[in-house]
Amino acid sequence: MAVVDCNSFYCSCERLFRPDLAQRPVVVLSNNDGCIIARSDEAKAVGLGSTGPYYQYRDLIKKHGVAVFSSNYNLYCDLSMRVMDTLRSLMPPGSVEVYSVDEAFLDLGHIDPGQYHEFALNLRHTVEGWTGIRVSVGVASSKVLCKVANKLAKKNKGITHCVMVLDTEESISAALQEFDVSELWGIGRKYSSKLKEQYAINTAWQLKHIPEEWARKHLGGVVGIRMIRELNGISCIPMKDPLEKKKMISCTRMFGRPVYTVEELRESVAAYIARAGEKLRRQGFSAGVIDVFAVTNGTRGGEYVYDPKTDHRFVMLPRATSYTTELMEYALPLVDQLFRPGQKYLKAGVIMGELVPDDAVQADIFSGALHANQRSLMDAVDNINFSMRGDVVKYVASGLKRNWKMRQDMRSGKYTTRWEELYEVK
DNA sequence: TCTGGGGTCCTAGGACCC
DNA sequence: TCTGGGGTCCTAGGACCC
């Protein structure tokens with residue numbers, strides 16, 4: 001199998017429309033312009049070592065003339081679709097698993113193992129030629145090893161040309177001996193410090209030779225066992241069925257500034273419900289449970305310490321729905337239950353659960369006719385909001401001033417999805 | 001002054017049932 | 001004097017991913 005991963009995806013998307021930035025370091029910020037979430041190779045080279053809070057890197061960014069962008073998900077999603085469509089057109093039906101916005105696993109069952117390298121190189125050239133996005137390809141017999149191959153391909157671009165195949169004992173052991181456990185797919189901060197500090201396991205090679213029972217005990221049960229097997233080239237994280245049902249849809253944001261009143265908290269939650277409702281409808285789901293949560297942060301001894309606390313309430317709906325008005329009727333009262341005066345609120349959100357595909361929603365003889373009306377009202381609202389600027393049709397509950405809205409000061413144009421902002425070639 | 005958003009999977013432990 | 005065993009379902013919380 002193989003994993004295809006776009007190089008510094010968000011940065012590459014921004015550069016596609018700003019060729020003048022080709023050699024300059026580029027970073028992209030999270031919502032609210034809070035964290036750096038993507039860095040180009042050049043940005044990494046000038047010392048932006050890891051993703052993290054933007055303000056900590058301000059000086060470095062100024063010093064090296066780094067181009068900074070707020071995140072522009074319309075653009076990234078559109079380019080992602082083009083990349084994935086390209087991959088699907090080059091592969092047999094059903095052999096592409098889209099894993100994330102910038103990454104896909106491929107089932108190479110139809111390729112002769114002797115041809116892996118050539119196939120992967122060709123894939124990379126085609127994607128870049130058709131979409132302008134450069135990808136790296138890692139090939140191996142398990143997903144974990146594919147990810148290792150992919151990372152190594154990215155590290156030595158000059159030698160690998162962004163392609164690496166790990167298909168022999170020698171190449172695999174050479175790769176794993178140099179590979180830090182903390183970089184493995186499935187080993188996060190907690191596990192990696194545990195492995196290193198308590199057990200002196202530092203490389204993927206060492207981890208590969210650990211007994212399965214040990215892994216069961218110390219690395220999350222069956223998850224640990226799978227890790228060891230995958231490192232040994234035994235595939236046990238299968239390709240996922242693209243038709244598999246989603247389990248939750250959520251919408252959550254940090255506030256642009258702290259919120260102290262129940263009115264503002266309610267407004268923000270209403271806005272998130274409206275947005276989550278849109279997502280539900282677009283993906284063809286109704287929700288059976290709504291969970292509303294809010295995150296507070298206090299000060300300790302007058303000093304600011306980032307120590308968020310989450311509180312939540314949920315409600316089960318008598319009948320699953322994606323009708324925004326109804327979602328709000330059930331969910332907004334939760335805000336009043338949740339709210340505690342005097343608290344400093346940093347963030348809130350809603351999570352829609354118990355999703356059922358729209359066509360499977362239990363019919364209710366009393367609401368059949370109404371349901372058709374709701375549907376066409378929502379279609380109209382969604383169409384207007386999609387085709388016009390921003391949220392033209394808003395719910396009064398979601399507020400008109402929206403002082404709490406997130407900051408987004410450096411967003412690029414929606415070059416590919418909005419006529420008014422279409423990229424111009426002069 | 002200031003730390004994102006959207007997901008998944010797994011486990012332990014309690015409630016409940018026969 | 002003495003209080004089973006096995007199963008399922010649910011929830012909270014932890015870990016991870018991009």
# chains A, B, ... in the order shown; residues from 1 in each chain; ligands from 1
$ residues_around --residues "DG13 of chain B" --least-positions-apart "4" --cutoff "12 Å" --atoms "only C-alpha atoms (C1' of nucleotides)" --output "count of residues only"
4
$ select_by_dssp --residues "segment 11-252 of chain A" --states "alpha helix (DSSP H)" --output "PyMOL selection string"
chain A and resi 11-16+41-45+58-63+73-90+116-131+143-155+157-160+169-178+189-193+199+204-208+212-218+222-231
$ closest_residue --among "A:Gly132, A:Gly186, A:Gly65, A:Pro25" --to "Arg82 of chain A" --atoms "only C-alpha atoms"
A:Gly132
$ closest_residue --among "A:Ala271, A:Leu176, A:Ala43, A:Val223" --to "chain B" --atoms "only C-alpha atoms (C1' of nucleotides)"
A:Val223
$ interface_residues --of "chain A" --to "chain C" --cutoff "9 Å" --atoms "only C-alpha atoms (C1' of nucleotides)" --output "list of chain:residue names"
A:Tyr99, A:Ser100, A:Val101, A:Asp102, A:Glu103, A:Trp185, A:Gly186, A:Ile187, A:Gly188, A:Lys190, A:Tyr191, A:Gly220
$ atom_distance --atom1 "atom CA of Met352 of chain A" --atom2 "atom CA of Ile273 of chain A"
8.9 Å
$ atom_distance --atom1 "atom CA of Gly94 of chain A" --atom2 "atom CA of Phe119 of chain A"
17.9 Å
$ select_by_dssp --residues "segment 189-351 of chain A" --states "strand (DSSP E)" --output "PyMOL selection string"
chain A and resi 249-259+285-296+299-300+303-304+309-321+345-351
$ write_last_selection --atoms "C-alpha atoms" --output "PDB file, in the first residue's frame"
ATOM      1  CA  ILE A 249     -20.327  16.694  13.424  1.00  0.00           C
ATOM      2  CA  SER A 250     -19.211  19.596  15.522  1.00  0.00           C
ATOM      3  CA  CYS A 251     -18.642  23.317  15.394  1.00  0.00           C
ATOM      4  CA  THR A 252     -16.506  25.034  17.984  1.00  0.00           C
ATOM      5  CA  ARG A 253     -14.471  28.230  18.199  1.00  0.00           C
ATOM      6  CA  MET A 254     -12.299  30.267  20.483  1.00  0.00           C
ATOM      7  CA  PHE A 255     -13.816  33.719  21.006  1.00  0.00           C
ATOM      8  CA  GLY A 256     -12.010  36.744  19.594  1.00  0.00           C
ATOM      9  CA  ARG A 257     -12.077  38.111  23.165  1.00  0.00           C
ATOM     10  CA  PRO A 258     -13.374  36.663  26.443  1.00  0.00           C
ATOM     11  CA  VAL A 259     -17.122  36.490  26.968  1.00  0.00           C
ATOM     12  CA  PHE A 285     -27.466  13.673   8.149  1.00  0.00           C
ATOM     13  CA  SER A 286     -29.858  14.400  10.973  1.00  0.00           C
ATOM     14  CA  ALA A 287     -28.721  14.534  14.587  1.00  0.00           C
ATOM     15  CA  GLY A 288     -30.315  12.685  17.485  1.00  0.00           C
ATOM     16  CA  VAL A 289     -28.275  14.262  20.280  1.00  0.00           C
ATOM     17  CA  ILE A 290     -26.908  17.758  20.752  1.00  0.00           C
ATOM     18  CA  ASP A 291     -24.109  18.472  23.183  1.00  0.00           C
ATOM     19  CA  VAL A 292     -23.303  22.087  24.070  1.00  0.00           C
ATOM     20  CA  PHE A 293     -20.054  22.923  25.812  1.00  0.00           C
ATOM     21  CA  ALA A 294     -18.236  25.991  27.046  1.00  0.00           C
ATOM     22  CA  VAL A 295     -14.658  26.437  28.175  1.00  0.00           C
ATOM     23  CA  THR A 296     -13.653  28.783  30.978  1.00  0.00           C
ATOM     24  CA  THR A 299      -6.474  33.552  36.657  1.00  0.00           C
ATOM     25  CA  ARG A 300      -4.332  32.293  39.479  1.00  0.00           C
ATOM     26  CA  GLU A 303      -1.477  35.828  36.713  1.00  0.00           C
ATOM     27  CA  TYR A 304      -2.761  34.384  33.495  1.00  0.00           C
ATOM     28  CA  LYS A 309     -12.013  23.833  32.055  1.00  0.00           C
ATOM     29  CA  THR A 310     -14.829  22.398  29.974  1.00  0.00           C
ATOM     30  CA  ASP A 311     -18.425  22.015  31.085  1.00  0.00           C
ATOM     31  CA  HIS A 312     -21.213  20.596  28.957  1.00  0.00           C
ATOM     32  CA  ARG A 313     -24.883  19.671  28.796  1.00  0.00           C
ATOM     33  CA  PHE A 314     -26.624  17.502  26.267  1.00  0.00           C
ATOM     34  CA  VAL A 315     -30.161  16.871  25.098  1.00  0.00           C
ATOM     35  CA  MET A 316     -31.630  13.900  23.264  1.00  0.00           C
ATOM     36  CA  LEU A 317     -34.039  14.863  20.538  1.00  0.00           C
ATOM     37  CA  PRO A 318     -37.378  13.074  20.273  1.00  0.00           C
ATOM     38  CA  ARG A 319     -36.690  12.693  16.561  1.00  0.00           C
ATOM     39  CA  ALA A 320     -33.449  13.253  14.695  1.00  0.00           C
ATOM     40  CA  THR A 321     -33.422  16.477  12.703  1.00  0.00           C
ATOM     41  CA  TYR A 345     -15.520  32.161  28.806  1.00  0.00           C
ATOM     42  CA  LEU A 346     -12.857  31.523  26.191  1.00  0.00           C
ATOM     43  CA  LYS A 347     -14.591  29.178  23.857  1.00  0.00           C
ATOM     44  CA  ALA A 348     -17.832  27.329  23.172  1.00  0.00           C
ATOM     45  CA  GLY A 349     -19.105  24.714  20.811  1.00  0.00           C
ATOM     46  CA  VAL A 350     -21.758  22.224  19.805  1.00  0.00           C
ATOM     47  CA  ILE A 351     -21.436  18.569  18.930  1.00  0.00           C
TER      48      ILE A 351
END
$ residues_around --residues "segment 202-216 of chain A" --least-positions-apart "2" --cutoff "10 Å" --atoms "only C-alpha atoms (C1' of nucleotides)" --output "PyMOL selection string"
chain A and resi 148+172-184+192-193+195-197+199-200+218-233
$ write_last_selection --atoms "N, CA, C and O atoms" --output "compact mmCIF listing (two decimals), in the first residue's frame"
# COMPACT_ATOMS: atom_id res chain seq x y z
N VAL A 148 6.28 6.01 7.77
CA VAL A 148 7.73 6.15 7.97
C VAL A 148 8.38 6.49 6.63
O VAL A 148 9.15 7.45 6.52
N ILE A 172 14.14 -1.53 5.33
CA ILE A 172 13.27 -1.28 6.49
C ILE A 172 14.10 -1.12 7.76
O ILE A 172 13.90 -0.16 8.51
N SER A 173 15.06 -2.02 7.96
CA SER A 173 15.80 -1.89 9.22
C SER A 173 16.68 -0.65 9.21
O SER A 173 16.79 0.04 10.23
N ALA A 174 17.23 -0.30 8.07
CA ALA A 174 18.02 0.94 8.01
C ALA A 174 17.14 2.13 8.36
O ALA A 174 17.54 3.02 9.12
N ALA A 175 15.93 2.12 7.84
CA ALA A 175 15.03 3.25 8.10
C ALA A 175 14.63 3.31 9.58
O ALA A 175 14.70 4.36 10.20
N LEU A 176 14.25 2.16 10.14
CA LEU A 176 13.73 2.17 11.50
C LEU A 176 14.81 2.48 12.53
O LEU A 176 14.54 3.06 13.58
N GLN A 177 16.04 2.06 12.25
CA GLN A 177 17.11 2.32 13.22
C GLN A 177 17.37 3.80 13.41
O GLN A 177 17.79 4.23 14.48
N GLU A 178 17.13 4.58 12.38
CA GLU A 178 17.37 6.02 12.47
C GLU A 178 16.10 6.78 12.89
O GLU A 178 16.14 7.99 13.04
N PHE A 179 15.02 6.08 13.00
CA PHE A 179 13.72 6.76 13.13
C PHE A 179 13.32 6.91 14.59
O PHE A 179 13.19 5.92 15.32
N ASP A 180 13.09 8.15 15.02
CA ASP A 180 12.74 8.43 16.41
C ASP A 180 11.32 7.93 16.71
O ASP A 180 10.40 8.19 15.94
N VAL A 181 11.15 7.23 17.85
CA VAL A 181 9.80 6.72 18.17
C VAL A 181 8.75 7.82 18.17
O VAL A 181 7.60 7.58 17.81
N SER A 182 9.16 9.01 18.61
CA SER A 182 8.16 10.08 18.76
C SER A 182 7.57 10.49 17.42
O SER A 182 6.54 11.13 17.36
N GLU A 183 8.25 10.12 16.32
CA GLU A 183 7.75 10.51 15.01
C GLU A 183 6.84 9.47 14.40
O GLU A 183 6.32 9.64 13.31
N LEU A 184 6.66 8.35 15.09
CA LEU A 184 5.81 7.30 14.54
C LEU A 184 4.35 7.72 14.57
O LEU A 184 3.89 8.38 15.49
N SER A 192 5.43 8.82 23.80
CA SER A 192 6.84 8.93 23.44
C SER A 192 7.68 9.28 24.68
O SER A 192 8.76 8.72 24.86
N SER A 193 7.17 10.14 25.55
CA SER A 193 8.00 10.44 26.73
C SER A 193 8.03 9.24 27.67
O SER A 193 9.06 8.97 28.30
N LEU A 195 7.96 6.06 26.71
CA LEU A 195 8.89 5.10 26.12
C LEU A 195 10.33 5.51 26.36
O LEU A 195 11.18 4.69 26.73
N LYS A 196 10.61 6.77 26.16
CA LYS A 196 12.00 7.23 26.25
C LYS A 196 12.46 7.31 27.69
O LYS A 196 13.54 6.82 28.02
N GLU A 197 11.65 7.97 28.53
CA GLU A 197 12.14 8.24 29.88
C GLU A 197 12.09 7.01 30.78
O GLU A 197 12.99 6.77 31.57
N TYR A 199 11.55 3.69 29.75
CA TYR A 199 11.99 2.40 29.24
C TYR A 199 13.16 2.48 28.26
O TYR A 199 13.55 1.47 27.68
N ALA A 200 13.68 3.69 28.06
CA ALA A 200 14.84 3.88 27.18
C ALA A 200 14.62 3.31 25.78
O ALA A 200 15.55 2.77 25.16
N HIS A 218 1.36 -1.43 28.04
CA HIS A 218 1.86 -0.05 28.19
C HIS A 218 1.50 0.90 27.06
O HIS A 218 1.75 2.10 27.17
N LEU A 219 0.98 0.40 25.98
CA LEU A 219 0.69 1.31 24.86
C LEU A 219 -0.77 1.23 24.41
O LEU A 219 -1.07 1.21 23.21
N GLY A 220 -1.67 1.19 25.40
CA GLY A 220 -3.09 1.32 25.06
C GLY A 220 -3.77 0.06 24.56
O GLY A 220 -4.61 0.13 23.66
N GLY A 221 -3.39 -1.10 25.10
CA GLY A 221 -4.12 -2.33 24.76
C GLY A 221 -3.92 -2.76 23.33
O GLY A 221 -2.78 -2.84 22.84
N VAL A 222 -5.00 -3.05 22.64
CA VAL A 222 -4.86 -3.58 21.27
C VAL A 222 -4.18 -2.58 20.34
O VAL A 222 -3.58 -2.97 19.34
N VAL A 223 -4.29 -1.30 20.68
CA VAL A 223 -3.62 -0.29 19.86
C VAL A 223 -2.11 -0.55 19.83
O VAL A 223 -1.47 -0.47 18.78
N GLY A 224 -1.57 -0.90 21.00
CA GLY A 224 -0.15 -1.17 21.10
C GLY A 224 0.26 -2.40 20.31
O GLY A 224 1.29 -2.41 19.64
N ILE A 225 -0.57 -3.43 20.41
CA ILE A 225 -0.27 -4.66 19.67
C ILE A 225 -0.25 -4.40 18.17
O ILE A 225 0.65 -4.84 17.46
N ARG A 226 -1.23 -3.63 17.72
CA ARG A 226 -1.28 -3.29 16.29
C ARG A 226 0.00 -2.56 15.88
O ARG A 226 0.56 -2.82 14.81
N MET A 227 0.45 -1.64 16.73
CA MET A 227 1.66 -0.87 16.42
C MET A 227 2.85 -1.80 16.18
O MET A 227 3.57 -1.68 15.18
N ILE A 228 3.04 -2.76 17.10
CA ILE A 228 4.19 -3.67 16.96
C ILE A 228 4.07 -4.47 15.66
O ILE A 228 5.03 -4.62 14.91
N ARG A 229 2.88 -4.98 15.40
CA ARG A 229 2.71 -5.79 14.18
C ARG A 229 2.95 -4.96 12.93
O ARG A 229 3.60 -5.40 11.99
N GLU A 230 2.39 -3.75 12.92
CA GLU A 230 2.57 -2.88 11.75
C GLU A 230 4.05 -2.58 11.53
O GLU A 230 4.51 -2.56 10.39
N LEU A 231 4.79 -2.37 12.62
CA LEU A 231 6.23 -2.12 12.48
C LEU A 231 6.94 -3.34 11.90
O LEU A 231 7.97 -3.22 11.25
N ASN A 232 6.38 -4.52 12.16
CA ASN A 232 6.95 -5.74 11.62
C ASN A 232 6.42 -6.06 10.22
O ASN A 232 6.59 -7.17 9.73
N GLY A 233 5.74 -5.09 9.65
CA GLY A 233 5.31 -5.25 8.27
C GLY A 233 4.01 -6.01 8.10
O GLY A 233 3.60 -6.31 6.97
